[in-house]
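One file, structure39.csv, is given below (CSV, C-alpha atoms (C1' of nucleotides)).
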```csv
chain,number,residue,atom,x,y,z
Y,1,MET,CA,0.0,0.0,0.0
Y,2,LYS,CA,1.6,3.2,-1.2
Y,3,LYS,CA,1.9,5.9,1.5
Y,4,GLU,CA,0.1,9.0,0.3
Y,5,ARG,CA,2.0,12.2,0.7
Y,6,TYR,CA,-0.9,14.2,2.2
Y,7,LEU,CA,-1.4,11.8,5.2
Y,8,ARG,CA,1.5,13.3,7.1
Y,9,SER,CA,0.2,16.8,6.6
Y,10,ILE,CA,-3.3,15.9,7.6
Y,11,ARG,CA,-2.0,14.1,10.7
Y,12,LEU,CA,-0.1,17.2,11.7
Y,13,LEU,CA,-3.1,19.4,11.0
Y,14,ALA,CA,-5.3,17.1,13.1
Y,15,GLU,CA,-2.8,17.0,15.9
Y,16,CYS,CA,-2.5,20.7,16.1
Y,17,PHE,CA,-6.2,21.3,15.9
Y,18,HIS,CA,-7.0,18.6,18.5
Y,19,ALA,CA,-4.4,19.9,20.9
Y,20,PHE,CA,-5.8,23.4,20.7
Y,21,GLN,CA,-9.4,22.3,20.7
Y,22,HIS,CA,-8.8,20.2,23.8
Y,23,ILE,CA,-7.7,23.2,25.8
Y,24,SER,CA,-10.3,25.4,24.4
Y,25,ASP,CA,-13.2,23.0,24.9
Y,26,THR,CA,-12.1,22.2,28.4
Y,27,HIS,CA,-12.2,25.9,29.3
Y,28,VAL,CA,-15.5,26.5,27.5
Y,29,ARG,CA,-17.0,23.7,29.6
Y,30,THR,CA,-16.0,25.4,32.8
Y,31,LEU,CA,-17.9,28.4,31.5
Y,32,GLY,CA,-21.1,26.3,31.5
Y,33,LEU,CA,-21.5,26.0,27.7
Y,34,THR,CA,-20.9,23.2,25.3
Y,35,SER,CA,-18.5,23.7,22.4
Y,36,PRO,CA,-21.2,24.2,19.7
Y,37,GLN,CA,-23.1,26.5,22.0
Y,38,PHE,CA,-20.1,28.7,22.5
Y,39,ASP,CA,-19.5,28.5,18.7
Y,40,ILE,CA,-23.0,29.9,18.1
Y,41,LEU,CA,-22.5,32.6,20.7
Y,42,ALA,CA,-19.2,33.7,19.3
Y,43,THR,CA,-20.6,33.7,15.7
Y,44,LEU,CA,-23.6,35.9,16.8
Y,45,GLY,CA,-21.5,38.2,18.9
Y,46,ASN,CA,-21.1,41.7,17.4
Y,47,THR,CA,-23.7,41.1,14.7
Y,48,GLU,CA,-27.3,42.1,14.2
Y,49,GLY,CA,-28.2,38.4,14.1
Y,50,MET,CA,-28.5,36.1,11.2
Y,51,SER,CA,-30.8,33.4,9.7
Y,52,PHE,CA,-30.5,29.7,10.6
Y,53,LYS,CA,-29.2,29.2,7.1
Y,54,GLU,CA,-26.3,31.6,7.5
Y,55,LEU,CA,-25.6,30.5,11.0
Y,56,GLY,CA,-25.5,26.9,9.8
Y,57,GLN,CA,-23.1,27.7,7.0
Y,58,LYS,CA,-20.7,29.6,9.3
Y,59,THR,CA,-20.6,26.9,11.9
Y,60,LEU,CA,-20.9,23.9,9.7
Y,61,ILE,CA,-23.9,22.7,11.7
Y,62,THR,CA,-26.8,21.2,9.8
Y,63,LYS,CA,-30.3,22.7,10.2
Y,64,GLY,CA,-31.9,19.9,12.3
Y,65,THR,CA,-29.0,20.0,14.8
Y,66,LEU,CA,-29.0,23.8,14.8
Y,67,THR,CA,-32.7,23.9,15.9
Y,68,GLY,CA,-31.8,21.9,19.0
Y,69,ILE,CA,-28.7,24.0,19.9
Y,70,VAL,CA,-30.6,27.2,19.4
Y,71,ASP,CA,-33.5,25.8,21.5
Y,72,ARG,CA,-31.1,25.2,24.4
Y,73,LEU,CA,-29.5,28.7,24.1
Y,74,GLU,CA,-33.0,30.2,24.0
Y,75,GLU,CA,-33.9,28.3,27.2
Y,76,LYS,CA,-30.9,29.8,28.8
Y,77,GLY,CA,-32.1,33.2,27.7
Y,78,LEU,CA,-29.0,33.9,25.6
Y,79,VAL,CA,-30.5,34.1,22.1
Y,80,ILE,CA,-33.9,34.9,20.6
Y,81,ARG,CA,-35.7,34.0,17.4
Y,82,THR,CA,-37.4,36.7,15.4
Y,83,CYS,CA,-39.2,36.5,12.2
Y,84,CYS,CA,-37.7,37.8,9.0
Y,85,LEU,CA,-40.0,40.3,7.4
Y,86,GLU,CA,-38.5,39.9,3.9
Y,87,ASP,CA,-38.7,36.1,3.7
Y,88,ARG,CA,-41.3,34.7,6.1
Y,89,ARG,CA,-39.9,31.2,5.8
Y,90,SER,CA,-36.7,32.5,7.5
Y,91,MET,CA,-36.0,33.0,11.2
Y,92,ILE,CA,-33.4,35.4,12.5
Y,93,VAL,CA,-31.4,34.4,15.6
Y,94,ARG,CA,-29.7,37.1,17.6
Y,95,LEU,CA,-28.2,37.6,21.0
Y,96,THR,CA,-30.5,38.9,23.8
Y,97,GLU,CA,-29.2,41.6,26.1
Y,98,GLN,CA,-28.2,38.8,28.5
Y,99,GLY,CA,-26.6,36.9,25.6
Y,100,GLN,CA,-24.6,40.0,24.6
Y,101,ALA,CA,-23.5,40.4,28.2
Y,102,GLU,CA,-22.5,36.7,28.4
Y,103,PHE,CA,-20.7,37.0,25.1
Y,104,GLU,CA,-18.7,40.0,26.5
Y,105,ARG,CA,-18.1,38.3,29.8
Y,106,LEU,CA,-16.9,35.0,28.4
Y,107,PHE,CA,-15.4,35.7,25.0
Y,108,GLY,CA,-12.6,38.0,26.1
Y,109,PRO,CA,-11.4,35.7,29.0
Y,110,HIS,CA,-11.7,32.7,26.8
Y,111,ILE,CA,-9.5,34.3,24.1
Y,112,GLN,CA,-7.0,35.3,26.8
Y,113,PHE,CA,-7.0,31.8,28.2
Y,114,CYS,CA,-6.4,30.1,24.9
Y,115,LYS,CA,-3.7,32.6,24.1
Y,116,GLN,CA,-1.3,30.7,26.4
Y,117,ALA,CA,-1.1,28.0,23.8
Y,118,PHE,CA,0.8,30.5,21.5
Y,119,LEU,CA,3.0,32.0,24.2
Y,120,GLY,CA,6.3,32.9,22.6
Y,121,TYR,CA,5.1,32.5,19.0
Y,122,SER,CA,6.8,35.3,17.1
Y,123,ASP,CA,5.2,37.6,14.4
Y,124,GLU,CA,7.3,35.7,11.8
Y,125,ASP,CA,6.1,32.4,13.1
Y,126,PHE,CA,2.5,33.6,12.8
Y,127,ALA,CA,3.1,35.0,9.4
Y,128,ALA,CA,4.6,31.8,8.0
Y,129,LEU,CA,1.9,29.7,9.5
Y,130,ASP,CA,-0.9,31.9,8.2
Y,131,ARG,CA,0.7,31.9,4.7
Y,132,GLU,CA,0.6,28.1,4.5
Y,133,LEU,CA,-2.8,27.7,6.1
Y,134,ALA,CA,-4.3,30.3,3.8
Y,135,LYS,CA,-2.8,28.6,0.9
Y,136,LEU,CA,-4.2,25.3,2.0
Y,137,LYS,CA,-7.6,26.8,2.7
Y,138,SER,CA,-8.0,28.3,-0.7
Y,139,HIS,CA,-6.8,25.1,-2.2
Y,140,LEU,CA,-9.4,23.1,-0.2
Y,141,ASP,CA,-12.1,25.7,-1.1
Y,142,ALA,CA,-11.3,25.3,-4.7
Y,143,THR,CA,-11.0,21.5,-4.6
Y,144,MET,CA,-13.7,20.3,-2.3
Y,145,PRO,CA,-17.5,20.5,-2.5
Y,146,LYS,CA,-19.1,23.0,-0.2
Y,147,PRO,CA,-21.4,21.8,2.6
Y,148,GLY,CA,-25.0,23.1,2.7
G,1,MET,CA,-11.0,44.8,22.9
G,2,LYS,CA,-7.6,44.1,21.5
G,3,LYS,CA,-7.5,41.6,18.7
G,4,GLU,CA,-5.2,38.8,19.6
G,5,ARG,CA,-2.7,37.8,16.9
G,6,TYR,CA,-3.3,34.1,17.2
G,7,LEU,CA,-7.0,34.3,16.4
G,8,ARG,CA,-6.5,34.6,12.7
G,9,SER,CA,-4.2,31.5,12.7
G,10,ILE,CA,-6.6,29.5,14.7
G,11,ARG,CA,-9.5,30.4,12.5
G,12,LEU,CA,-7.5,29.3,9.5
G,13,LEU,CA,-6.5,26.1,11.2
G,14,ALA,CA,-10.1,25.3,12.2
G,15,GLU,CA,-11.4,26.2,8.7
G,16,CYS,CA,-8.8,23.9,7.1
G,17,PHE,CA,-9.4,21.1,9.5
G,18,HIS,CA,-13.2,21.4,9.3
G,19,ALA,CA,-13.2,21.5,5.6
G,20,PHE,CA,-11.2,18.3,5.4
G,21,GLN,CA,-13.0,16.6,8.2
G,22,HIS,CA,-16.3,17.2,6.6
G,23,ILE,CA,-15.4,15.4,3.4
G,24,SER,CA,-13.7,12.6,5.4
G,25,ASP,CA,-16.5,12.1,7.8
G,26,THR,CA,-19.1,12.1,5.1
G,27,HIS,CA,-17.2,9.4,3.3
G,28,VAL,CA,-16.7,7.4,6.5
G,29,ARG,CA,-20.4,7.5,7.1
G,30,THR,CA,-21.1,5.9,3.7
G,31,LEU,CA,-18.8,3.1,4.8
G,32,GLY,CA,-21.2,2.3,7.7
G,33,LEU,CA,-18.9,3.6,10.5
G,34,THR,CA,-19.0,6.7,12.7
G,35,SER,CA,-16.0,8.9,12.8
G,36,PRO,CA,-14.7,7.7,16.2
G,37,GLN,CA,-15.2,4.1,15.2
G,38,PHE,CA,-13.2,4.6,12.0
G,39,ASP,CA,-10.6,6.4,14.1
G,40,ILE,CA,-10.3,3.3,16.4
G,41,LEU,CA,-10.1,0.9,13.4
G,42,ALA,CA,-7.4,3.0,11.8
G,43,THR,CA,-5.4,3.2,15.0
G,44,LEU,CA,-5.6,-0.5,15.6
G,45,GLY,CA,-4.8,-1.4,11.9
G,46,ASN,CA,-1.3,-2.9,11.4
G,47,THR,CA,-0.7,-3.3,15.2
G,48,GLU,CA,-0.8,-6.2,17.5
G,49,GLY,CA,-3.5,-4.4,19.5
G,50,MET,CA,-3.1,-2.1,22.5
G,51,SER,CA,-4.6,-1.4,25.9
G,52,PHE,CA,-7.6,0.9,26.4
G,53,LYS,CA,-5.2,3.4,28.0
G,54,GLU,CA,-2.9,3.6,25.0
G,55,LEU,CA,-5.9,3.6,22.6
G,56,GLY,CA,-7.4,6.5,24.5
G,57,GLN,CA,-4.2,8.5,24.5
G,58,LYS,CA,-3.8,8.1,20.7
G,59,THR,CA,-7.3,9.0,19.9
G,60,LEU,CA,-8.0,11.5,22.6
G,61,ILE,CA,-11.1,9.6,23.7
G,62,THR,CA,-11.7,9.3,27.4
G,63,LYS,CA,-12.0,5.8,29.0
G,64,GLY,CA,-15.7,5.9,29.7
G,65,THR,CA,-16.5,6.9,26.1
G,66,LEU,CA,-14.0,4.4,24.8
G,67,THR,CA,-15.7,1.5,26.5
G,68,GLY,CA,-18.9,2.3,24.6
G,69,ILE,CA,-17.2,2.7,21.2
G,70,VAL,CA,-15.3,-0.5,21.6
G,71,ASP,CA,-18.5,-2.2,22.7
G,72,ARG,CA,-20.1,-1.2,19.4
G,73,LEU,CA,-17.1,-2.3,17.3
G,74,GLU,CA,-17.1,-5.6,19.2
G,75,GLU,CA,-20.8,-6.1,18.4
G,76,LYS,CA,-20.0,-5.6,14.8
G,77,GLY,CA,-17.3,-8.3,15.2
G,78,LEU,CA,-14.5,-5.9,14.2
G,79,VAL,CA,-12.5,-5.9,17.4
G,80,ILE,CA,-12.0,-8.2,20.3
G,81,ARG,CA,-11.0,-7.7,23.9
G,82,THR,CA,-8.3,-10.0,25.4
G,83,CYS,CA,-6.8,-10.0,28.9
G,84,CYS,CA,-3.4,-8.7,29.4
G,85,LEU,CA,-1.3,-11.3,31.2
G,86,GLU,CA,1.3,-8.9,32.6
G,87,ASP,CA,-1.3,-6.6,34.2
G,88,ARG,CA,-4.6,-8.1,34.9
G,89,ARG,CA,-6.3,-4.8,35.3
G,90,SER,CA,-5.6,-4.0,31.7
G,91,MET,CA,-7.5,-5.1,28.6
G,92,ILE,CA,-6.0,-5.4,25.1
G,93,VAL,CA,-8.1,-4.4,22.1
G,94,ARG,CA,-7.2,-5.7,18.7
G,95,LEU,CA,-8.7,-6.2,15.3
G,96,THR,CA,-10.4,-9.5,14.6
G,97,GLU,CA,-9.8,-11.2,11.3
G,98,GLN,CA,-13.0,-9.6,10.1
G,99,GLY,CA,-11.8,-6.3,11.5
G,100,GLN,CA,-8.5,-6.6,9.8
G,101,ALA,CA,-10.3,-7.4,6.5
G,102,GLU,CA,-12.6,-4.4,7.0
G,103,PHE,CA,-9.6,-2.2,7.8
G,104,GLU,CA,-8.0,-3.3,4.5
G,105,ARG,CA,-11.1,-3.0,2.6
G,106,LEU,CA,-12.0,0.5,3.9
G,107,PHE,CA,-8.8,2.3,4.8
G,108,GLY,CA,-7.2,2.3,1.4
G,109,PRO,CA,-10.2,3.6,-0.5
G,110,HIS,CA,-10.9,6.1,2.2
G,111,ILE,CA,-7.3,7.4,1.8
G,112,GLN,CA,-7.7,7.6,-1.9
G,113,PHE,CA,-11.1,9.3,-1.6
G,114,CYS,CA,-9.7,12.0,0.7
G,115,LYS,CA,-6.7,12.5,-1.5
G,116,GLN,CA,-8.8,14.5,-3.9
G,117,ALA,CA,-8.7,17.3,-1.4
G,118,PHE,CA,-5.0,17.8,-2.1
G,119,LEU,CA,-5.2,17.3,-5.9
G,120,GLY,CA,-2.5,19.5,-7.4
G,121,TYR,CA,-0.6,20.2,-4.2
G,122,SER,CA,3.1,20.1,-5.0
G,123,ASP,CA,5.9,18.6,-3.0
G,124,GLU,CA,7.1,22.1,-2.2
G,125,ASP,CA,3.6,23.0,-1.0
G,126,PHE,CA,3.5,19.9,1.3
G,127,ALA,CA,7.0,20.5,2.6
G,128,ALA,CA,6.2,24.1,3.5
G,129,LEU,CA,2.9,23.2,5.1
G,130,ASP,CA,4.5,20.4,7.1
G,131,ARG,CA,7.3,22.6,8.3
G,132,GLU,CA,4.9,25.2,9.8
G,133,LEU,CA,2.5,22.6,11.2
G,134,ALA,CA,5.4,20.6,12.8
G,135,LYS,CA,6.7,23.8,14.3
G,136,LEU,CA,3.3,24.6,15.7
G,137,LYS,CA,2.8,21.1,17.0
G,138,SER,CA,6.1,21.1,18.9
G,139,HIS,CA,5.2,24.5,20.3
G,140,LEU,CA,1.8,23.4,21.4
G,141,ASP,CA,3.2,20.2,22.9
G,142,ALA,CA,5.7,22.3,24.9
G,143,THR,CA,3.2,24.9,26.0
G,144,MET,CA,0.0,23.0,26.6
G,145,PRO,CA,-0.9,20.5,29.3
G,146,LYS,CA,-1.2,16.9,28.0
G,147,PRO,CA,-4.6,15.2,28.3
G,148,GLY,CA,-4.9,12.0,30.1
U,1,DT,C1',-41.1,23.0,-7.4
U,2,DA,C1',-37.6,24.6,-4.3
U,3,DT,C1',-36.3,26.5,0.1
U,4,DT,C1',-36.5,27.5,5.3
U,5,DG,C1',-36.9,25.8,9.4
U,6,DT,C1',-39.3,22.3,12.6
U,7,DT,C1',-40.3,17.8,14.2
U,8,DA,C1',-39.6,12.9,15.1
U,9,DT,C1',-36.7,9.0,15.6
U,10,DA,C1',-33.0,6.5,16.9
U,11,DC,C1',-28.3,6.3,17.9
U,12,DT,C1',-23.7,7.9,19.2
U,13,DC,C1',-20.8,10.4,21.7
U,14,DT,C1',-19.7,13.0,25.9
U,15,DA,C1',-18.8,14.4,30.8
U,16,DT,C1',-19.0,12.9,35.3
U,17,DA,C1',-18.7,10.1,39.0
U,18,DA,C1',-19.1,5.8,41.6
U,19,DC,C1',-17.6,1.2,41.3
U,20,DT,C1',-14.5,-3.4,40.7
U,21,DA,C1',-10.4,-5.7,40.4
U,22,DT,C1',-6.2,-5.5,40.4
U,23,DA,C1',-1.4,-3.4,41.5
N,1,DT,C1',-3.3,4.3,47.7
N,2,DA,C1',-3.2,4.4,42.8
N,3,DT,C1',-4.5,2.6,38.3
N,4,DA,C1',-7.3,0.2,34.4
N,5,DG,C1',-11.4,-0.4,32.9
N,6,DT,C1',-16.7,-0.8,33.6
N,7,DT,C1',-21.1,0.9,34.8
N,8,DA,C1',-24.7,4.3,35.4
N,9,DT,C1',-26.8,8.6,34.4
N,10,DA,C1',-28.1,12.3,32.0
N,11,DG,C1',-27.6,15.3,28.4
N,12,DA,C1',-26.0,16.8,24.0
N,13,DG,C1',-25.0,16.4,19.3
N,14,DT,C1',-25.8,13.9,14.9
N,15,DA,C1',-27.9,11.8,10.6
N,16,DT,C1',-31.9,11.1,8.4
N,17,DA,C1',-36.2,11.8,6.7
N,18,DA,C1',-40.9,13.6,6.7
N,19,DC,C1',-43.3,17.8,7.3
N,20,DA,C1',-45.4,22.8,7.2
N,21,DA,C1',-45.2,27.3,5.6
N,22,DT,C1',-43.6,30.2,2.3
N,23,DA,C1',-41.3,31.5,-2.1
```
What would you get if you wrote out this structure as structure tokens?
Amino acid sequence: MKKERYLRSIRLLAECFHAFQHISDTHVRTLGLTSPQFDILATLGNTEGMSFKELGQKTLITKGTLTGIVDRLEEKGLVIRTCCLEDRRSMIVRLTEQGQAEFERLFGPHIQFCKQAFLGYSDEDFAALDRELAKLKSHLDATMPKPG
Amino acid sequence: MKKERYLRSIRLLAECFHAFQHISDTHVRTLGLTSPQFDILATLGNTEGMSFKELGQKTLITKGTLTGIVDRLEEKGLVIRTCCLEDRRSMIVRLTEQGQAEFERLFGPHIQFCKQAFLGYSDEDFAALDRELAKLKSHLDATMPKPG
DNA sequence: TATTGTTATACTCTATAACTATA
DNA sequence: TATAGTTATAGAGTATAACAATA
């Protein structure tokens, strides 16, 4: 069985992502949210809200699942559904005042917490990393079918 | 709120990983396995088997969860638990003959399928990507607490 | 007809913690 | 006392497909 060249890269990519995700998720959990819930909160933060469709596209969560996650966030009083006047099939999800307050209370500290993972990373390190990841991303976007 | 430098890198990392994971998971599903199940199968492939502890460390799955996933793979007849003679607290998980056959039947095609994501990526592209990811990984390993 | 979001179902994964049997 | 794995519980995410309302 021939060893494909990309496997090494994907393994590295997965290891990096998992390592970071582990510390991030563990911290999010201590804040009382699940990872997808925090993802939604972070996506809605500093916006006027957006439709389920747009929210699903940004977070890669399918519509059926998204309904449940938004339900739980609505039960916590963090988001609210409003009708979209232009297209009455569509629902707009946005942060409530409490949700906005939670976003501000949690997001900054979370960013600070996760920052420790990159302690000592130089501007040049970041620039080189971003260059390769951006190259990969545009390649993947061009090569792979879009979800949704 | 100051914009932390690492956020852009992490966003790129997550986007790349999610994009790849989406195509990989979707394909794995069509093979009749969940993503964690395939992960276990791939980890056990071409080994003599390993303990729950080692399997958990390699896949980042905690012991309670691992018991359930291995249960389901055992029900499918793909893996088997055997006792460890040296330490009788420990259980060794290894592929059954059928599991080995499934591994060989699924793994190669899956690797080929996912390869399409990197179609046209050059040796230089891979080398540059690997260099930055390996740098990041060793940095994360040094900076972040290990799970387990 | 196609699209947006909901509902229903059934399953898988997950965190957590108490438990057992060994060491 | 500590470790390896299991069990129990409850909740959360997921895929899938059928559905209602609207476009």
Who sits within 12 Å of Ser138 of chain G, all atoms listed in the file, same chain under 2 positions skipped, as a PDB file with C-alpha atoms, in the coordinates of the input:
```
ATOM      1  CA  LEU Y  12      -0.100  17.200  11.700  1.00  0.00           C
ATOM      2  CA  GLU Y  15      -2.800  17.000  15.900  1.00  0.00           C
ATOM      3  CA  CYS Y  16      -2.500  20.700  16.100  1.00  0.00           C
ATOM      4  CA  ALA Y  19      -4.400  19.900  20.900  1.00  0.00           C
ATOM      5  CA  ALA Y 117      -1.100  28.000  23.800  1.00  0.00           C
ATOM      6  CA  PHE Y 118       0.800  30.500  21.500  1.00  0.00           C
ATOM      7  CA  TYR Y 121       5.100  32.500  19.000  1.00  0.00           C
TER       8      TYR Y 121
ATOM      9  CA  ASP G 130       4.500  20.400   7.100  1.00  0.00           C
ATOM     10  CA  ARG G 131       7.300  22.600   8.300  1.00  0.00           C
ATOM     11  CA  GLU G 132       4.900  25.200   9.800  1.00  0.00           C
ATOM     12  CA  LEU G 133       2.500  22.600  11.200  1.00  0.00           C
ATOM     13  CA  ALA G 134       5.400  20.600  12.800  1.00  0.00           C
ATOM     14  CA  LYS G 135       6.700  23.800  14.300  1.00  0.00           C
ATOM     15  CA  LEU G 136       3.300  24.600  15.700  1.00  0.00           C
ATOM     16  CA  LEU G 140       1.800  23.400  21.400  1.00  0.00           C
ATOM     17  CA  ASP G 141       3.200  20.200  22.900  1.00  0.00           C
ATOM     18  CA  ALA G 142       5.700  22.300  24.900  1.00  0.00           C
ATOM     19  CA  THR G 143       3.200  24.900  26.000  1.00  0.00           C
ATOM     20  CA  MET G 144       0.000  23.000  26.600  1.00  0.00           C
TER      21      MET G 144
END
```
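For the atom pair formed by atom C1' of DG5 of chain U and atom CA of Leu85 of chain Y, the distance is 15.0 Å, given to one decimal.
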Can you check which residues of chain G have any atom within 12 Å of chain U? Use only C-alpha atoms (C1' of nucleotides) and format it as a ChimeraX atom specification.
-> /G:33-37,61-69,71-72,84-91
Take the point (-12.4, 23.8, 11.2) as written in the file and pick out every residue within 12 Å of it, counting only C-alpha atoms (C1' of nucleotides); give the list as an MDAnalysis selection string.
-> (chainID Y and resid 13:14 16:18 20:21 39 58:61 133 137 140) or (chainID G and resid 9:23)
May I have a table of the residues of chain N lying at most 10 Å from chain G, giving each one's closest pair of atoms and their distance in Å to one decimal, counting all atoms listed in the file, ordered by chain and ascending residue number, as a tab-separated table?
```
residue	atom	partner	partner_atom	distance
N:DT3	C1'	G:Arg89	CA	8.2
N:DA4	C1'	G:Arg89	CA	5.2
N:DG5	C1'	G:Ser90	CA	6.9
N:DT6	C1'	G:Thr67	CA	7.5
N:DT7	C1'	G:Gly64	CA	9.0
N:DA15	C1'	G:Arg29	CA	9.3
```
By how many Å are atom CA of Arg94 of chain G and atom CA of Ile80 of chain G apart?
->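 That distance, rounded to one decimal, is 5.6 Å.
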Between atom CA of Thr26 of chain Y and atom CA of Leu78 of chain Y - distance in Å to one decimal |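 Value for the atom CA of Leu78 of chain Y-atom CA of Thr26 of chain Y distance: 20.7 Å.
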Nearest candidate to Leu31 of chain Y (options Y:Gly56, Y:Phe107, Y:Leu129, Y:Asp123; using all atoms listed in the file) = Y:Phe107
So which one's closest to chain Y, G:Gly99, G:Gly77, G:Gly120, G:Gly49? Using all atoms listed in the file, please.
-> G:Gly120
Would you mind telling me which residue in Y:Lys115, Y:Glu124, Y:His110, Y:Asp25 lies nearest to chain G when using only C-alpha atoms?
->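 Using only C-alpha atoms, chain G sits closest to Y:Lys115.
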